[in-house]
Structure formats: C-alpha cells, structure tokens
Number of protein chains: 2
Amino acid sequence: MPSTHTTRPVVPIAVLVSGRGSNLEAILEAIDKKYITNGAAKVVISNRPDAPALDIARKHNVPAKILDDHGLPKKSWEYDQRTIRLLQEHGVKSQDGLILLSGYFRILTPEFVGLYERRILNIHPALLPAFPGLNAQKQALDHGAKVTGCTVHFVDKGVDTGPIILQTPVPVRDDDTVETLSQRILREEHRLYPEAVRLFTDGMLTVKERRVLLVE
Amino acid sequence: MPSTHTTRPVVPIAVLVSGRGSNLEAILEAIDKKYITNGAAKVVISNRPDAPALDIARKHNVPAKILDDHGLPKKSWEYDQRTIRLLQEHGVKSQDGLILLSGYFRILTPEFVGLYERRILNIHPALLPAFPGLNAQKQALDHGAKVTGCTVHFVDKGVDTGPIILQTPVPVRDDDTVETLSQRILREEHRLYPEAVRLFTDGMLTVKERRVLLVE
C-alpha cells in the first residue's frame, strides 16, 4: 500500500533559551526519536552565557550560540536584530523557519514578532488566559486553583496572549508547594511542546481568528 | 466493627434558581441516593415565576417558593432581605445553613453575602479565574481555549471571585459549538456540585487565605 504521507520540506528550527532548557531537551529528543520528522534543529541561542541549555544543545550536536544581553533592557529591537541576523545565518528564516521559546527571559519586540508572524511558539506553565506572566505556578497556588496546567501558544505582540495551540490540565494538590506543582506541570510540558512542534512542522495547524484548529 | 462515622448535625440547604435547575436536580438526587447524607433540602427559591426548576423541587417534595423580582435591579438589598426572611422561615439560618446558587441570575448584595459568610456556594462553567461572568462557554470558545471546565466556589462580594472548592477540566474540541461545549461541561457540573456539597456538609472544608483545603 502506498504511503499517504506527502513529502514536506523540513522546517528549520531555532530555540531561544535563558536557563536549564528542559523543554529544549524534550524537543531535541523528539527529533532524535523521529517523533518530529519534519523539523530540524538548526541553532540554540541563549541570552545568558552560563545557561545549562547550551550544554544540552552541544550534546545533541546543535550549534549553541550566546548573544549576551547583559546591560540591555528586557525588550530591545537592537538586541532582537542581532538575534534575527544569527537566525538567518543558520537558515531559520521568516518564510519557512520556526522559533521556539523555551524559558526565554526576554520579551520580543513587536518588530521581531511581526517579522516571524505565526512562526514563534512559547510554552507557559498555566492554562492561559489564567495566570499569565511570571511565576504562574505560584499565582495558581496563591489563587487556590484546583486545576492548572500548561499551554503552547503562538507568540503575538502581547505577553502570553497569542492563539492557543495545545493545553493540558494538571491538578493542584492540597499539599503542593511551588516546587512540587512546577515539577508536575513540567512533566506535561515535556510531552506537550514536542506535540505542538510536530503539528506545526507537519503543517497541521490553521488559525481562524483566535482559534487554532487542526487542518482537516 | 463500630462505624467511625461521627454523627454530625444535618445542614439545612436552600437552593436559589432562575431557570431549568439541572444542577438542582443533581443535588436533590444526590440527597435521595444518600451520596449526601448530612444535608437536607429545605427550600428552593426562584426569582422567576416560570422557572422549570420549581417543578423539579416539587417532584422531590421540597417547598418551591417564588419571589418575583420583576422590575427590580439585579442587585437589591430590599429583594435580598425578602429572600433572607424566606430562608429563615425554612430553617436555613446564617449560623448553620447552606445556600446553593444554581443558575441564579441575580447578584447578591455584600450584606447578604456577609450574613451567610462562607455558607453560599456557586457553580461556574469555566476554570476560574478564566472566563468569569456571563457566557463563560462562549468566552472560552472565542478565546480559543483548548481546556475549560467548571468550578464550585464560595461566593464572596465579587463576581466569581470567591475561594475555589473544586474544579474539573473539560476539553474543547475543534468542532464544538457553544451548545456542545455547554453540554459537555454540564455533565461534569452534575458530578462536581454534589461532591462539593457533600464535602461542605460533612465538615471537610477549611479555608486558608484563598485556598480551600480538605480537613486532615
């Protein structure tokens, strides 16, 4: 029986990191294991020279680049332009590339987001629109939520406001601390983010107003 | 073997309704089936003379009262005082009673809420704090949420802001309409609200700042 799988061009992927990069690792492993077949990691860029995520990139033979943002504001078009140059040097272009934020502690300028429109994904440790911004797990605990979770979404010009691709709920327990809850959510993140990347690189996503739907 | 179940006074329950009362029915059935053993329904009060919920009350032999609010504002201390009088006549007092809102299209005054502090519950068809207020299911769909759900919470002086007792997640499907999503959430509501009433009437809930915890 002939395969019904159409041949698609491989999507060049960049991952922007600031920290440990556990989601980066989940995605690189998903590529290694051929869970993601239509995406190739081209570069990992960190704004912090000491981000452990850089070692994860090197371990997987992905170019690991540092663009130190020391002394720059959290949102800077000057800095973003340096990032864009590096992305393009590694073949992650605005026409066909994919940018994944993975614990990236910078805010992208509207210019950067506009250039790579609908080609930048982020993962957030809450069920957006609940608990956006920093310390989402602590926000959920302090609010007394019984269910929180994680969200993979397109990045738009707001903070954690872009169209939602996938969400998974995670229960909050009475004896949870920020640490135990964060760990439980993180396990789901490591499953959810590769799944979203697979859907994107397989060309399965379409956006209708705010709703992200699977292509029929 | 002796029962370890301590004898507790039965909690007198009132249910305030405006519409069909499907959650009312779930709760009355939970009492009939002895899923809820420490609560007794004393009165159902509707602000609308034609609420189908009144028939459900009568079918279960619970006094069904009409307090028509025609021409009154949605929030009225004068009206609430009439409600309180009726509650007290039926033995649902602020010291030991429990008030359940079930599709009640009125806003309680701070005076009413203050009198029955931590003794009024509501169910909301979303995972609060996401999508508070009216048309929560449509809000979730329009926002493109992939997970929504329902929430049982204590009523405080805000709208849908009180401490959360229980939540259940419900997936949103690509082909959902407001109707199909509402139905899927409603099935969970019918399970969740009786469970919250059981925990309350069994004296299992304690509130610590915003967090509602099970008594150890």
# chains A, B, ... in the order shown; residues from 1 in each chain; ligands from 1
$ interface_residues --of "chain B" --to "chain A" --cutoff "6 Å" --atoms "only C-alpha atoms" --output "number ranges by chain"
B: 130, 143-144, 146, 167, 174, 210-211, 213
$ write_last_selection --atoms "N, CA, C and O atoms" --output "PDB file, in the first residue's frame"
ATOM      1  N   ALA B 130     -10.283  32.017  34.895  1.00  0.00           N
ATOM      2  CA  ALA B 130     -10.525  32.239  33.464  1.00  0.00           C
ATOM      3  C   ALA B 130     -12.030  32.338  33.199  1.00  0.00           C
ATOM      4  O   ALA B 130     -12.809  31.597  33.797  1.00  0.00           O
ATOM      5  N   HIS B 143     -12.029  32.620  22.748  1.00  0.00           N
ATOM      6  CA  HIS B 143     -10.620  32.831  23.108  1.00  0.00           C
ATOM      7  C   HIS B 143      -9.729  31.762  22.485  1.00  0.00           C
ATOM      8  O   HIS B 143      -8.508  31.925  22.413  1.00  0.00           O
ATOM      9  N   GLY B 144     -10.343  30.648  22.073  1.00  0.00           N
ATOM     10  CA  GLY B 144      -9.550  29.560  21.508  1.00  0.00           C
ATOM     11  C   GLY B 144      -8.932  28.663  22.563  1.00  0.00           C
ATOM     12  O   GLY B 144      -7.947  27.966  22.296  1.00  0.00           O
ATOM     13  N   LYS B 146      -8.212  25.457  24.742  1.00  0.00           N
ATOM     14  CA  LYS B 146      -8.287  24.027  24.428  1.00  0.00           C
ATOM     15  C   LYS B 146      -8.792  23.236  25.620  1.00  0.00           C
ATOM     16  O   LYS B 146      -9.157  22.066  25.500  1.00  0.00           O
ATOM     17  N   GLN B 167     -12.611  21.961  41.065  1.00  0.00           N
ATOM     18  CA  GLN B 167     -12.625  22.264  39.632  1.00  0.00           C
ATOM     19  C   GLN B 167     -12.433  20.982  38.845  1.00  0.00           C
ATOM     20  O   GLN B 167     -11.741  20.076  39.298  1.00  0.00           O
ATOM     21  N   ASP B 174     -12.338  20.963  18.318  1.00  0.00           N
ATOM     22  CA  ASP B 174     -12.334  21.876  17.164  1.00  0.00           C
ATOM     23  C   ASP B 174     -13.738  22.134  16.630  1.00  0.00           C
ATOM     24  O   ASP B 174     -14.051  23.234  16.173  1.00  0.00           O
ATOM     25  N   ARG B 210      -6.822  32.266  50.444  1.00  0.00           N
ATOM     26  CA  ARG B 210      -7.702  31.960  49.316  1.00  0.00           C
ATOM     27  C   ARG B 210      -7.849  30.472  49.046  1.00  0.00           C
ATOM     28  O   ARG B 210      -8.595  30.063  48.163  1.00  0.00           O
ATOM     29  N   ARG B 211      -7.093  29.640  49.759  1.00  0.00           N
ATOM     30  CA  ARG B 211      -7.077  28.220  49.412  1.00  0.00           C
ATOM     31  C   ARG B 211      -8.083  27.446  50.254  1.00  0.00           C
ATOM     32  O   ARG B 211      -8.142  27.587  51.465  1.00  0.00           O
ATOM     33  N   LEU B 213      -8.969  23.905  51.588  1.00  0.00           N
ATOM     34  CA  LEU B 213      -8.259  22.644  51.806  1.00  0.00           C
ATOM     35  C   LEU B 213      -9.182  21.644  52.474  1.00  0.00           C
ATOM     36  O   LEU B 213     -10.140  22.020  53.174  1.00  0.00           O
TER      37      LEU B 213
END
$ select_by_dssp --residues "chain A" --states "alpha helix (DSSP H)" --output "NGL selection string"
:A and (22-32 or 53-59 or 77-89 or 110-115 or 136-143 or 178-201)
$ atom_distance --atom1 "CA of Val113 in chain B" --atom2 "CA of Ala14 in chain B"
14.3 Å
$ atom_distance --atom1 "CA of Gly97 in chain A" --atom2 "CA of Phe154 in chain A"
13.7 Å
$ select_by_dssp --residues "range 28-210 of chain A" --states "strand (DSSP E or B)" --output "number ranges by chain"
A: 39-46, 64-66, 98-102, 120-124, 147-154, 164-171, 205-208
$ atom_distance --atom1 "CA of Ala64 in chain B" --atom2 "CA of Arg119 in chain B"
20.6 Å
$ residues_around --residues "Thr201 in chain A" --least-positions-apart "4" --cutoff "8 Å" --atoms "only C-alpha atoms" --output "number ranges by chain"
A: 10-11, 36, 38-39, 197
$ write_last_selection --atoms "N, CA, C and O atoms" --output "JSON list (two decimals), in the first residue's frame"
[["chain", "number", "residue", "atom", "x", "y", "z"],
["A", 10, "VAL", "N", 11.54, 20.10, 5.19],
["A", 10, "VAL", "CA", 11.85, 20.08, 6.62],
["A", 10, "VAL", "C", 11.90, 21.52, 7.15],
["A", 10, "VAL", "O", 12.51, 22.39, 6.52],
["A", 11, "VAL", "N", 11.24, 21.76, 8.26],
["A", 11, "VAL", "CA", 11.20, 23.10, 8.84],
["A", 11, "VAL", "C", 12.45, 23.34, 9.69],
["A", 11, "VAL", "O", 12.72, 22.59, 10.62],
["A", 36, "ILE", "N", 9.17, 13.88, 15.88],
["A", 36, "ILE", "CA", 9.09, 15.02, 14.97],
["A", 36, "ILE", "C", 9.94, 14.66, 13.76],
["A", 36, "ILE", "O", 11.16, 14.47, 13.89],
["A", 38, "ASN", "N", 9.47, 16.27, 10.49],
["A", 38, "ASN", "CA", 9.56, 17.35, 9.51],
["A", 38, "ASN", "C", 10.21, 18.62, 10.06],
["A", 38, "ASN", "O", 9.94, 19.72, 9.58],
["A", 39, "GLY", "N", 11.03, 18.47, 11.12],
["A", 39, "GLY", "CA", 11.71, 19.62, 11.69],
["A", 39, "GLY", "C", 13.16, 19.28, 11.99],
["A", 39, "GLY", "O", 13.47, 18.14, 12.34],
["A", 197, "VAL", "N", 5.07, 21.08, 18.29],
["A", 197, "VAL", "CA", 6.07, 21.26, 17.23],
["A", 197, "VAL", "C", 5.79, 20.27, 16.10],
["A", 197, "VAL", "O", 5.90, 20.61, 14.92]]
